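A.B. asks: Just one file: input_12.cif, with mmCIF, C-alpha atoms and all ligand atoms.
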```cif
data_entry
#
loop_
_atom_site.label_atom_id
_atom_site.label_comp_id
_atom_site.auth_asym_id
_atom_site.auth_seq_id
_atom_site.Cartn_x
_atom_site.Cartn_y
_atom_site.Cartn_z
CA MET V 2 28.52 138.16 26.58
CA LEU V 3 32.21 137.50 27.16
CA SER V 4 34.77 140.26 26.90
CA CYS V 5 38.30 139.89 25.56
CA GLN V 6 40.35 137.67 27.91
CA LYS V 7 43.82 138.59 26.69
CA GLU V 8 45.04 139.48 30.17
CA LEU V 9 44.74 135.82 31.14
CA PHE V 10 47.46 134.91 28.63
CA ASN V 11 51.10 135.81 28.11
CA LEU V 12 50.82 136.66 24.41
CA PRO V 13 53.22 139.40 23.26
CA ASP V 14 51.50 142.74 22.67
CA ASP V 15 52.89 143.26 19.19
CA THR V 16 51.55 140.02 17.68
CA HIS V 17 48.18 139.17 16.19
CA TYR V 18 47.76 135.51 17.06
CA LEU V 19 44.86 134.14 15.00
CA ASN V 20 45.97 130.55 15.10
CA CYS V 21 44.40 128.60 17.96
CA ALA V 22 43.80 125.78 15.47
CA TYR V 23 47.57 125.34 15.41
CA MET V 24 48.07 125.55 19.17
CA SER V 25 46.46 127.65 21.89
CA PRO V 26 48.67 130.03 23.85
CA MET V 27 49.14 128.93 27.46
CA LEU V 28 46.77 130.38 30.00
CA LYS V 29 48.72 131.96 32.87
CA SER V 30 46.67 129.91 35.29
CA VAL V 31 47.49 126.65 33.47
CA ALA V 32 51.20 127.50 33.47
CA HIS V 33 50.92 128.14 37.20
CA VAL V 34 49.32 124.74 37.78
CA GLY V 35 52.16 123.18 35.76
CA ASN V 36 54.84 125.01 37.72
CA VAL V 37 53.39 123.92 41.02
CA ALA V 38 53.03 120.36 39.71
CA ILE V 39 56.70 120.19 38.70
CA HIS V 40 57.63 120.77 42.33
CA GLY V 41 55.10 118.20 43.49
CA LYS V 42 57.82 115.58 43.06
CA ASP V 43 60.45 117.46 45.10
CA ASP V 44 59.30 115.32 47.99
CA PRO V 45 57.88 112.07 46.53
CA THR V 46 56.34 111.13 49.87
CA THR V 47 53.65 113.74 49.21
CA ILE V 48 52.39 111.74 46.22
CA LYS V 49 50.07 109.08 47.62
CA PRO V 50 48.73 106.00 45.79
CA ASP V 51 45.26 107.54 45.81
CA ASP V 52 46.61 110.59 43.96
CA PHE V 53 47.24 108.45 40.87
CA PHE V 54 43.53 107.75 40.61
CA GLN V 55 42.14 111.09 41.80
CA ASN V 56 44.33 112.88 39.30
CA THR V 57 42.98 110.91 36.34
CA LYS V 58 39.42 111.02 37.65
CA ARG V 59 39.48 114.81 37.82
CA LEU V 60 40.61 115.09 34.23
CA ARG V 61 38.00 112.65 33.01
CA GLU V 62 35.35 114.50 35.03
CA ALA V 63 36.28 117.84 33.50
CA PHE V 64 36.10 116.40 29.99
CA ALA V 65 32.90 114.45 30.69
CA THR V 66 31.20 117.64 31.91
CA LEU V 67 32.33 119.55 28.83
CA ILE V 68 30.89 116.99 26.40
CA GLY V 69 27.76 116.09 28.34
CA VAL V 70 28.73 112.63 29.55
CA GLU V 71 27.27 111.64 32.91
CA ASP V 72 29.83 109.05 33.96
CA GLU V 73 33.46 110.10 33.72
CA ARG V 74 34.36 106.44 33.35
CA GLN V 75 33.10 106.58 29.78
CA CYS V 76 36.10 108.80 29.07
CA ALA V 77 39.79 107.97 28.80
CA ILE V 78 43.05 109.89 28.85
CA VAL V 79 45.09 109.48 25.68
CA PRO V 80 48.38 111.00 24.53
CA SER V 81 47.19 111.85 21.02
CA VAL V 82 44.39 111.47 18.53
CA SER V 83 46.28 108.71 16.73
CA TYR V 84 46.37 106.72 19.98
CA GLY V 85 42.69 107.25 20.69
CA LEU V 86 41.75 106.13 17.19
CA ALA V 87 44.09 103.13 17.31
CA ASN V 88 41.89 101.81 20.14
CA VAL V 89 38.87 102.01 17.86
CA ALA V 90 40.75 100.49 14.92
CA LYS V 91 41.82 97.54 17.05
CA ASN V 92 38.17 96.75 17.82
CA LEU V 93 36.55 97.41 14.48
CA LYS V 94 34.93 94.28 13.19
CA GLY V 95 35.23 94.99 9.47
CA ARG V 96 35.24 92.14 7.00
CA LYS V 97 36.72 91.90 3.52
CA GLY V 98 34.63 94.05 1.18
CA ASP V 99 33.34 96.37 3.89
CA ASN V 100 34.11 100.06 3.63
CA ILE V 101 35.17 102.95 5.83
CA VAL V 102 33.82 106.39 4.99
CA LEU V 103 35.92 109.44 5.81
CA ALA V 104 35.30 113.07 5.05
CA GLY V 105 38.05 113.92 2.57
CA GLU V 106 41.16 115.86 3.48
CA GLN V 107 41.00 114.89 7.16
CA PHE V 108 43.97 115.48 9.42
CA PRO V 109 46.37 112.55 8.81
CA SER V 110 45.90 110.95 12.26
CA ASN V 111 42.28 110.37 11.25
CA VAL V 112 43.32 108.77 7.97
CA TYR V 113 46.38 106.63 8.64
CA ALA V 114 44.56 104.64 11.33
CA TRP V 115 41.99 103.55 8.77
CA MET V 116 44.44 103.15 5.89
CA ALA V 117 46.40 100.61 7.89
CA LEU V 118 43.23 98.79 8.89
CA ALA V 119 41.89 98.81 5.33
CA GLU V 120 45.07 97.20 4.09
CA GLU V 121 45.12 94.61 6.84
CA HIS V 122 41.49 93.51 6.40
CA GLN V 123 40.97 94.37 2.72
CA LEU V 124 38.44 97.08 3.44
CA GLU V 125 37.61 99.84 1.01
CA LEU V 126 38.51 103.35 2.12
CA ARG V 127 36.06 105.95 0.83
CA LEU V 128 37.49 109.44 1.11
CA VAL V 129 34.65 111.80 0.35
CA GLU V 130 36.15 114.89 -1.26
CA PRO V 131 34.45 118.30 -1.10
CA PRO V 132 32.82 119.64 -4.27
CA VAL V 133 35.04 121.90 -6.37
CA GLU V 134 32.16 124.29 -7.00
CA PHE V 135 31.96 126.77 -4.10
CA LYS V 136 28.22 127.38 -4.08
CA ASP V 137 26.52 125.33 -1.32
CA ARG V 138 29.81 123.47 -0.92
CA GLY V 139 29.26 122.56 2.76
CA GLN V 140 25.78 121.22 2.24
CA LYS V 141 26.79 119.22 -0.82
CA TRP V 142 29.84 117.80 0.93
CA ASN V 143 27.61 116.53 3.72
CA GLU V 144 25.21 115.00 1.20
CA ARG V 145 28.10 113.22 -0.49
CA ILE V 146 29.18 111.70 2.83
CA LEU V 147 25.69 110.36 3.48
CA ASP V 148 25.49 109.00 -0.08
CA GLN V 149 28.75 107.11 0.33
CA MET V 150 27.49 105.20 3.35
CA ASP V 151 25.83 101.89 2.54
CA GLU V 152 25.10 98.50 4.07
CA TYR V 153 28.82 97.60 3.81
CA THR V 154 30.01 100.63 5.76
CA CYS V 155 31.54 99.53 9.05
CA LEU V 156 32.79 102.95 10.20
CA VAL V 157 32.42 106.63 9.41
CA SER V 158 34.81 109.23 10.78
CA THR V 159 34.82 113.04 10.51
CA GLY V 160 35.49 116.10 12.57
CA HIS V 161 32.66 118.33 13.74
CA VAL V 162 34.33 120.96 11.58
CA HIS V 163 36.88 120.46 8.85
CA TRP V 164 40.28 121.14 10.40
CA ALA V 165 41.54 123.36 7.59
CA ASP V 166 38.51 125.41 6.52
CA GLY V 167 35.91 125.08 9.28
CA THR V 168 33.18 123.45 7.15
CA LEU V 169 30.56 122.06 9.53
CA PHE V 170 29.76 118.40 9.29
CA ASP V 171 26.17 117.49 10.02
CA LEU V 172 26.84 115.05 12.84
CA LYS V 173 23.18 114.33 13.49
CA ALA V 174 22.53 113.32 9.91
CA ILE V 175 25.73 111.26 9.79
CA ARG V 176 24.78 109.53 13.05
CA LYS V 177 21.31 108.77 11.72
CA ARG V 178 22.71 107.25 8.54
CA SER V 179 25.38 105.31 10.44
CA ARG V 180 22.69 103.76 12.57
CA GLU V 181 20.69 102.77 9.51
CA VAL V 182 23.70 100.97 8.05
CA ASP V 183 24.98 99.75 11.43
CA ALA V 184 28.35 101.53 11.20
CA LEU V 185 30.45 102.90 14.04
CA MET V 186 30.59 106.68 14.16
CA VAL V 187 33.86 108.30 15.24
CA ILE V 188 34.49 112.01 15.74
CA ASP V 189 37.83 113.75 15.80
CA GLY V 190 36.81 116.69 17.98
CA THR V 191 40.26 118.28 18.08
CA GLN V 192 39.33 121.36 16.07
CA SER V 193 35.96 122.02 17.64
CA ILE V 194 35.42 120.69 21.15
CA GLY V 195 35.94 123.55 23.56
CA ALA V 196 35.01 126.25 21.05
CA LEU V 197 31.83 124.84 19.54
CA PRO V 198 29.04 123.27 21.60
CA PHE V 199 29.08 119.50 21.40
CA ASP V 200 26.96 117.07 23.36
CA VAL V 201 27.52 113.33 23.40
CA ALA V 202 23.95 112.72 24.58
CA ASP V 203 22.70 114.60 21.54
CA ILE V 204 24.82 112.85 18.90
CA GLN V 205 25.51 109.50 20.60
CA PRO V 206 28.71 108.74 18.70
CA ASP V 207 30.71 105.56 19.34
CA ALA V 208 33.98 107.37 19.94
CA VAL V 209 35.23 110.94 20.25
CA VAL V 210 38.91 111.84 20.43
CA VAL V 211 40.34 115.28 21.20
CA ALA V 212 43.93 116.50 21.32
CA GLY V 213 44.27 118.76 24.36
CA TYR V 214 46.55 121.54 23.12
CA LYS V 215 44.24 123.52 20.87
CA TRP V 216 40.67 124.45 21.83
CA LEU V 217 40.92 122.68 25.19
CA MET V 218 43.86 125.02 25.94
CA GLY V 219 45.98 122.36 27.58
CA PRO V 220 49.63 121.41 27.20
CA TYR V 221 50.94 119.40 24.25
CA ALA V 222 51.03 115.58 24.46
CA LEU V 223 47.83 114.91 26.35
CA GLY V 224 44.31 114.42 25.07
CA VAL V 225 40.99 112.92 26.02
CA ALA V 226 38.55 110.52 24.47
CA TYR V 227 35.07 109.12 24.92
CA TYR V 228 34.16 105.53 24.04
CA GLY V 229 30.51 104.52 23.86
CA PRO V 230 28.69 101.30 24.74
CA ARG V 231 29.58 99.54 21.49
CA LEU V 232 33.23 99.66 22.47
CA ALA V 233 32.61 98.73 26.09
CA ASP V 234 34.08 95.24 25.83
CA GLY V 235 36.96 95.94 23.48
CA GLN V 236 40.66 95.22 23.71
CA PRO V 237 42.95 98.19 24.42
CA ILE V 238 46.10 98.69 22.37
CA GLU V 239 48.28 98.43 25.48
CA ASN V 240 47.92 96.74 28.83
CA ASN V 241 48.56 99.17 31.62
CA TRP V 242 48.24 98.11 35.24
CA MET V 243 46.13 101.11 36.27
CA ASN V 244 43.41 100.08 33.85
CA ARG V 245 42.89 96.74 35.55
CA LEU V 246 40.36 96.09 38.29
CA ASN V 247 41.46 96.84 41.87
CA SER V 248 44.71 98.49 40.81
CA GLU V 249 44.04 101.09 43.54
CA ASN V 250 45.28 98.45 45.97
CA PHE V 251 49.05 98.86 45.58
CA GLY V 252 49.67 95.97 47.96
CA GLY V 253 47.84 93.55 45.71
CA LEU V 254 49.20 94.52 42.30
CA VAL V 255 50.70 91.10 41.65
CA ASN V 256 47.32 89.48 42.06
CA TYR V 257 47.13 89.84 38.31
CA GLN V 258 43.72 90.67 36.99
CA THR V 259 42.09 89.79 33.72
CA ALA V 260 39.20 92.21 34.34
CA TYR V 261 39.41 95.91 33.48
CA GLN V 262 38.16 98.90 35.40
CA ASP V 263 34.63 99.95 34.44
CA GLY V 264 33.70 101.84 31.32
CA ALA V 265 36.28 103.16 28.91
CA ILE V 266 39.21 103.23 31.31
CA ARG V 267 40.66 100.15 29.64
CA TYR V 268 41.58 102.41 26.71
CA GLU V 269 43.59 104.82 28.80
CA MET V 270 47.29 105.37 28.09
CA GLY V 271 49.96 104.07 30.44
CA GLU V 272 51.02 106.56 33.13
CA SER V 273 47.81 108.48 32.57
CA ALA V 274 48.26 110.01 36.02
CA ASN V 275 50.95 112.28 34.56
CA PHE V 276 51.34 114.54 37.56
CA ILE V 277 52.29 117.58 35.52
CA LEU V 278 50.25 117.45 32.33
CA SER V 279 47.03 115.96 33.75
CA PRO V 280 46.33 118.77 36.26
CA MET V 281 47.22 121.33 33.61
CA LEU V 282 44.75 119.91 31.12
CA THR V 283 42.12 119.52 33.84
CA HIS V 284 42.45 123.16 34.80
CA ALA V 285 42.39 124.27 31.15
CA ILE V 286 39.19 122.33 30.43
CA GLU V 287 37.57 123.73 33.56
CA GLN V 288 38.38 127.25 32.36
CA VAL V 289 36.94 126.50 28.91
CA GLN V 290 33.83 125.08 30.58
CA ALA V 291 33.52 128.20 32.77
CA TRP V 292 33.61 130.41 29.67
CA GLY V 293 31.28 128.04 27.83
CA PRO V 294 31.86 126.79 24.26
CA GLN V 295 28.65 128.54 23.14
CA ASN V 296 29.96 131.88 24.42
CA ILE V 297 33.36 131.32 22.83
CA GLN V 298 31.71 130.55 19.51
CA GLN V 299 29.55 133.68 19.83
CA TYR V 300 32.56 135.82 20.67
CA CYS V 301 34.37 134.57 17.56
CA ALA V 302 31.26 135.20 15.45
CA ASP V 303 30.81 138.75 16.77
CA LEU V 304 34.47 139.45 16.22
CA SER V 305 34.89 138.05 12.72
CA LEU V 306 31.54 138.52 10.95
CA PRO V 307 31.84 142.30 10.43
CA PHE V 308 35.07 141.70 8.45
CA ILE V 309 33.76 138.95 6.17
CA PRO V 310 32.23 141.29 3.52
CA GLN V 311 35.55 143.18 3.19
CA LEU V 312 37.46 139.93 2.79
CA GLN V 313 34.99 138.73 0.17
CA ALA V 314 35.25 142.03 -1.67
CA MET V 315 39.01 141.40 -1.96
CA GLY V 316 38.22 138.14 -3.74
CA PHE V 317 38.60 135.60 -0.93
CA GLN V 318 36.14 132.74 -1.09
CA ILE V 319 34.67 131.92 2.31
CA GLU V 320 32.20 129.18 3.10
CA GLN V 321 28.77 130.67 3.84
CA ASP V 322 28.19 131.51 7.50
CA THR V 323 25.64 128.77 8.13
CA SER V 324 27.90 125.99 6.82
CA ARG V 325 31.03 126.87 8.74
CA ALA V 326 32.28 127.57 12.22
CA HIS V 327 33.30 131.03 13.45
CA HIS V 328 36.30 129.96 15.52
CA LEU V 329 38.01 128.43 12.49
CA PHE V 330 37.45 129.28 8.84
CA GLY V 331 39.31 129.28 5.57
CA LEU V 332 39.93 132.14 3.17
CA ARG V 333 40.50 130.69 -0.25
CA LEU V 334 42.77 132.89 -2.31
CA PRO V 335 41.57 134.53 -5.52
CA GLU V 336 43.52 133.38 -8.59
CA HIS V 337 45.44 136.61 -9.06
CA ALA V 338 46.83 136.62 -5.51
CA SER V 339 50.26 135.26 -4.59
CA MET V 340 50.43 133.20 -1.40
CA ASP V 341 54.15 133.95 -1.10
CA VAL V 342 53.58 137.70 -1.16
CA ILE V 343 50.73 137.42 1.33
CA GLN V 344 52.74 135.25 3.68
CA GLU V 345 55.63 137.68 3.64
CA ALA V 346 53.27 140.58 4.44
CA LEU V 347 51.67 138.62 7.30
CA ARG V 348 55.09 137.82 8.72
CA GLU V 349 56.09 141.48 8.66
CA ARG V 350 52.92 142.52 10.50
CA LYS V 351 53.34 139.64 12.97
CA ILE V 352 49.96 138.21 12.05
CA PHE V 353 49.87 134.49 12.73
CA VAL V 354 47.49 132.31 10.73
CA SER V 355 48.05 128.97 8.97
CA VAL V 356 48.36 128.28 5.28
CA ARG V 357 46.65 125.09 4.20
CA GLY V 358 46.96 124.51 0.45
CA ASN V 359 45.42 127.44 -1.38
CA SER V 360 43.66 128.70 1.76
CA ILE V 361 44.51 130.75 4.78
CA ARG V 362 43.06 129.38 8.00
CA VAL V 363 41.97 132.00 10.51
CA ALA V 364 41.31 130.75 14.05
CA PRO V 365 40.47 133.39 16.68
CA HIS V 366 39.77 132.96 20.39
CA LEU V 367 38.94 135.06 23.42
CA TYR V 368 42.39 136.72 23.51
CA ASN V 369 41.72 138.32 20.11
CA ASP V 370 40.00 141.63 19.56
CA ARG V 371 38.99 143.92 16.70
CA LYS V 372 42.56 145.14 16.25
CA ASP V 373 43.67 141.68 15.18
CA PHE V 374 41.09 141.53 12.40
CA GLU V 375 41.72 145.13 11.41
CA ALA V 376 45.40 144.29 11.03
CA LEU V 377 44.54 141.21 8.97
CA VAL V 378 42.23 143.07 6.60
CA ASP V 379 44.61 146.00 6.32
CA CYS V 380 47.51 143.68 5.54
CA PHE V 381 45.58 141.87 2.80
CA GLY V 382 44.34 145.21 1.42
CA LYS V 383 47.92 146.39 0.92
CA VAL V 384 49.13 143.36 -1.00
CA MET V 385 46.01 142.53 -3.00
CA ARG V 386 45.33 145.83 -4.69
C1 LIG F 401 41.82 117.62 13.29
C2 LIG F 401 43.07 117.24 13.99
N1 LIG F 401 43.14 116.06 14.59
C3 LIG F 401 44.24 115.67 15.24
C4 LIG F 401 45.34 116.49 15.34
C5 LIG F 401 46.54 116.01 16.12
O1 LIG F 401 46.70 114.62 15.97
P1 LIG F 401 47.68 113.81 16.94
O2 LIG F 401 47.20 114.05 18.32
O3 LIG F 401 47.53 112.40 16.51
O4 LIG F 401 49.05 114.36 16.72
C6 LIG F 401 45.32 117.74 14.72
C7 LIG F 401 46.48 118.62 14.76
O5 LIG F 401 46.57 119.63 14.09
C8 LIG F 401 44.14 118.12 14.03
O6 LIG F 401 44.04 119.32 13.44
#
```
Please, can you express the file's structure as structure tokens?

C.D. replies:
Amino acid sequence: MLSCQKELFNLPDDTHYLNCAYMSPMLKSVAHVGNVAIHGKDDPTTIKPDDFFQNTKRLREAFATLIGVEDERQCAIVPSVSYGLANVAKNLKGRKGDNIVLAGEQFPSNVYAWMALAEEHQLELRLVEPPVEFKDRGQKWNERILDQMDEYTCLVSTGHVHWADGTLFDLKAIRKRSREVDALMVIDGTQSIGALPFDVADIQPDAVVVAGYKWLMGPYALGVAYYGPRLADGQPIENNWMNRLNSENFGGLVNYQTAYQDGAIRYEMGESANFILSPMLTHAIEQVQAWGPQNIQQYCADLSLPFIPQLQAMGFQIEQDTSRAHHLFGLRLPEHASMDVIQEALRERKIFVSVRGNSIRVAPHLYNDRKDFEALVDCFGKVMR
């Protein structure tokens, strides 16, 4: 079992940071890699043509290992989730009258991509909202998603967990149904991959996109994606030279190529060899892999579960344990409670969580310990009497 890893971070001692879903704190080791990388350009002669390609390969390898993909070339470096999804949107062969099924209340990057496409091709957007009734909410939400998929569904997109309350989506069932109706399956793994086990071989999705600055513990502005065989021959949203065949040969770059590099590399962002951010994200993913997503999830479960009954006794509604994640979960406020008063109390105690609508999102990681949850429960106890 993992122990608290706070000493690997630079978090201030007087704060209770329960907000990895917003942004992870920087690992000291990742900051070090970044600092060294900044000086890598002091003498540009040290950066060789091969470094452009080794740099990107290492990042793809780290991500491929984390998500159980054998060939790193099935992965691509992207700047953001919106970019990664735009590549899918560009290649979706939806026809007028087809529909796109989305779990409701997704993060906007996983909605706007499909909204724009729906308008362009006159597709129907089916946003599957969660049930209002709290009992068996997770299970019923999943059933609703499956029910909304039919022979006209061309794409379904969800997270592995809901980004605001941690509800688990049943990816296996969604994949099975998407196969039956011949729809592409896309996963926004931003709020789960790194902290919750996920295996591409197990789910076989068509695309997975992950922003790097949360549970992958990387810097902001760099992410990673996986594109499966059904997107193997697609058109990327931009045409970068590195993504073309034989671009390793700097002397022959003006022998323009129509062919792309193998696999999903065609979808990679321009200047993917970012000599500062790429090694930082690579190192961060390697650290996450060394800890193991399963162990991180277990740590968060062990840490948070003992406090759940107290939170429920105060009137918070929390999705049942089996239908939600432990690294990210929502506390829905009881009617009598004032969010403003609670937020003020949290600020005073330097407890950092996120407010999403009527819920408080709690997102622990390995730098948290019992004291953080004790402070949270104590703080609520004082303002909710
Ligand atoms: C589920 C989810 N997806 C994506 C993002 C980030 O999207 P983008 O990389 O397009 O800014 C976030 C940020 O909070 C998120 O929670």

A.B. asks: Got a sec: who's within 9 Å of Leu312 in chain V, counting all atoms listed in the file, leaving out chain neighbours fewer than 5 positions off, as a ChimeraX atom specification?

C.D. replies: /V:317-319,332,378,381-382

A.B. asks: Which one of V:Ala212, V:Leu246, V:Ile188, V:Ala104 sits closest to ligand LIG 401 (chain F) if you count only C-alpha atoms and all ligand atoms?

C.D. replies: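 Of the candidates, the smallest distance to ligand LIG 401 (chain F) is held by V:Ala212.
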
A.B. asks: Between V:Leu93, V:Ala222, V:Leu128, V:Ile361, single out the one closest to ligand LIG 401 (chain F), counting all atoms listed in the file.

C.D. replies: V:Ala222

A.B. asks: Let me see if you get this right: every residue at most 6 Å from ligand LIG 401 (chain F), counting all atoms listed in the file, written as a ChimeraX atom specification.

C.D. replies: /V:23,81-83,108,110,164,189,191-192,212

A.B. asks: Given only C-alpha atoms, how would the per-residue table for range 192-227 of chain V near range 141-161 of chain V read, listing every residue at most 12 Å away with its closest atom pair and distance in Å to one decimal, sorted by chain and number, as JSON lines?

C.D. replies:
```
{"residue": "V:Gln192", "atom": "CA", "partner": "V:Gly160", "partner_atom": "CA", "distance": 7.4}
{"residue": "V:Ser193", "atom": "CA", "partner": "V:His161", "partner_atom": "CA", "distance": 6.3}
{"residue": "V:Ile194", "atom": "CA", "partner": "V:His161", "partner_atom": "CA", "distance": 8.3}
{"residue": "V:Gly195", "atom": "CA", "partner": "V:His161", "partner_atom": "CA", "distance": 11.6}
{"residue": "V:Ala196", "atom": "CA", "partner": "V:His161", "partner_atom": "CA", "distance": 11.0}
{"residue": "V:Leu197", "atom": "CA", "partner": "V:His161", "partner_atom": "CA", "distance": 8.8}
{"residue": "V:Pro198", "atom": "CA", "partner": "V:His161", "partner_atom": "CA", "distance": 10.0}
{"residue": "V:Phe199", "atom": "CA", "partner": "V:His161", "partner_atom": "CA", "distance": 8.5}
{"residue": "V:Asp200", "atom": "CA", "partner": "V:His161", "partner_atom": "CA", "distance": 11.3}
{"residue": "V:Ile204", "atom": "CA", "partner": "V:His161", "partner_atom": "CA", "distance": 10.9}
{"residue": "V:Pro206", "atom": "CA", "partner": "V:Ser158", "partner_atom": "CA", "distance": 10.0}
{"residue": "V:Asp207", "atom": "CA", "partner": "V:Leu156", "partner_atom": "CA", "distance": 9.7}
{"residue": "V:Ala208", "atom": "CA", "partner": "V:Ser158", "partner_atom": "CA", "distance": 9.4}
{"residue": "V:Val209", "atom": "CA", "partner": "V:Gly160", "partner_atom": "CA", "distance": 9.3}
{"residue": "V:Val210", "atom": "CA", "partner": "V:Gly160", "partner_atom": "CA", "distance": 9.6}
{"residue": "V:Val211", "atom": "CA", "partner": "V:Gly160", "partner_atom": "CA", "distance": 9.9}
```

A.B. asks: Give me the residues near Leu304 in chain V as a list in words, where near means some atom within 7 Å (using all atoms listed in the file) and where sequence neighbours in that chain fewer than 3 positions away do not count.

C.D. replies: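 Listed by chain and then number, they are Tyr300, Cys301, Pro307, Asp370 and Arg371 of chain V.
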
A.B. asks: For Gln290 in chain V, which residue among V:Gly105, V:Ala77, V:Asn20, V:Leu217 is the nearest when counting all atoms listed in the file?

C.D. replies: V:Leu217

A.B. asks: Which residue is closest to Glu71 in chain V? Choose from V:Val37, V:Ala22, V:Val201, V:Leu86 and count all atoms listed in the file.

C.D. replies: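 Using all atoms listed in the file, the shortest distance to Glu71 in chain V belongs to V:Val201.
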
A.B. asks: So that I can check the surroundings of Gln140 in chain V, please list as a ChimeraX atom specification every protein, DNA and RNA residue that reaches within 10 Å of it, counting only C-alpha atoms and ignoring chain neighbours fewer than 2 positions away.

C.D. replies: /V:131-132,136-138,142-145,168-171,323-324

A.B. asks: Considering all atoms listed in the file, can you say which of V:Glu320, V:Asp303, V:Glu375, V:Asp99 comes closest to Val182 in chain V?

C.D. replies: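 Smallest distance to Val182 in chain V is found for V:Asp99.
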
A.B. asks: Please write as a list in words the list of polymer residues whose atoms come within 8 Å of (33.4, 126.8, 10.1), counting all atoms listed in the file and keeping to the coordinates of the file.

C.D. replies: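 Nearby residues: Val162, His163, Asp166, Gly167, Thr168, Leu169, Glu320, Asp322, Ser324, Arg325, Ala326, His327, His328, Leu329, Phe330 and Gly331 of chain V.
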
A.B. asks: Taking only C-alpha atoms into account, name the residue in V:Gly271, V:Gly95, V:Pro26, V:Gly85 that is nearest to Asn111 in chain V.

C.D. replies: V:Gly85

A.B. asks: Using all atoms of range 239-252 of chain V that appear in the file, construct an axis-aligned enclosing box with 4 Å of padding on every side and provide its centre coordinates and edge lengths in Å, rounded to one decimal, as JSON.

C.D. replies:
```
{"center_x": 45.0, "center_y": 98.5, "center_z": 36.7, "size_x": 17.3, "size_y": 13.1, "size_z": 30.5}
```
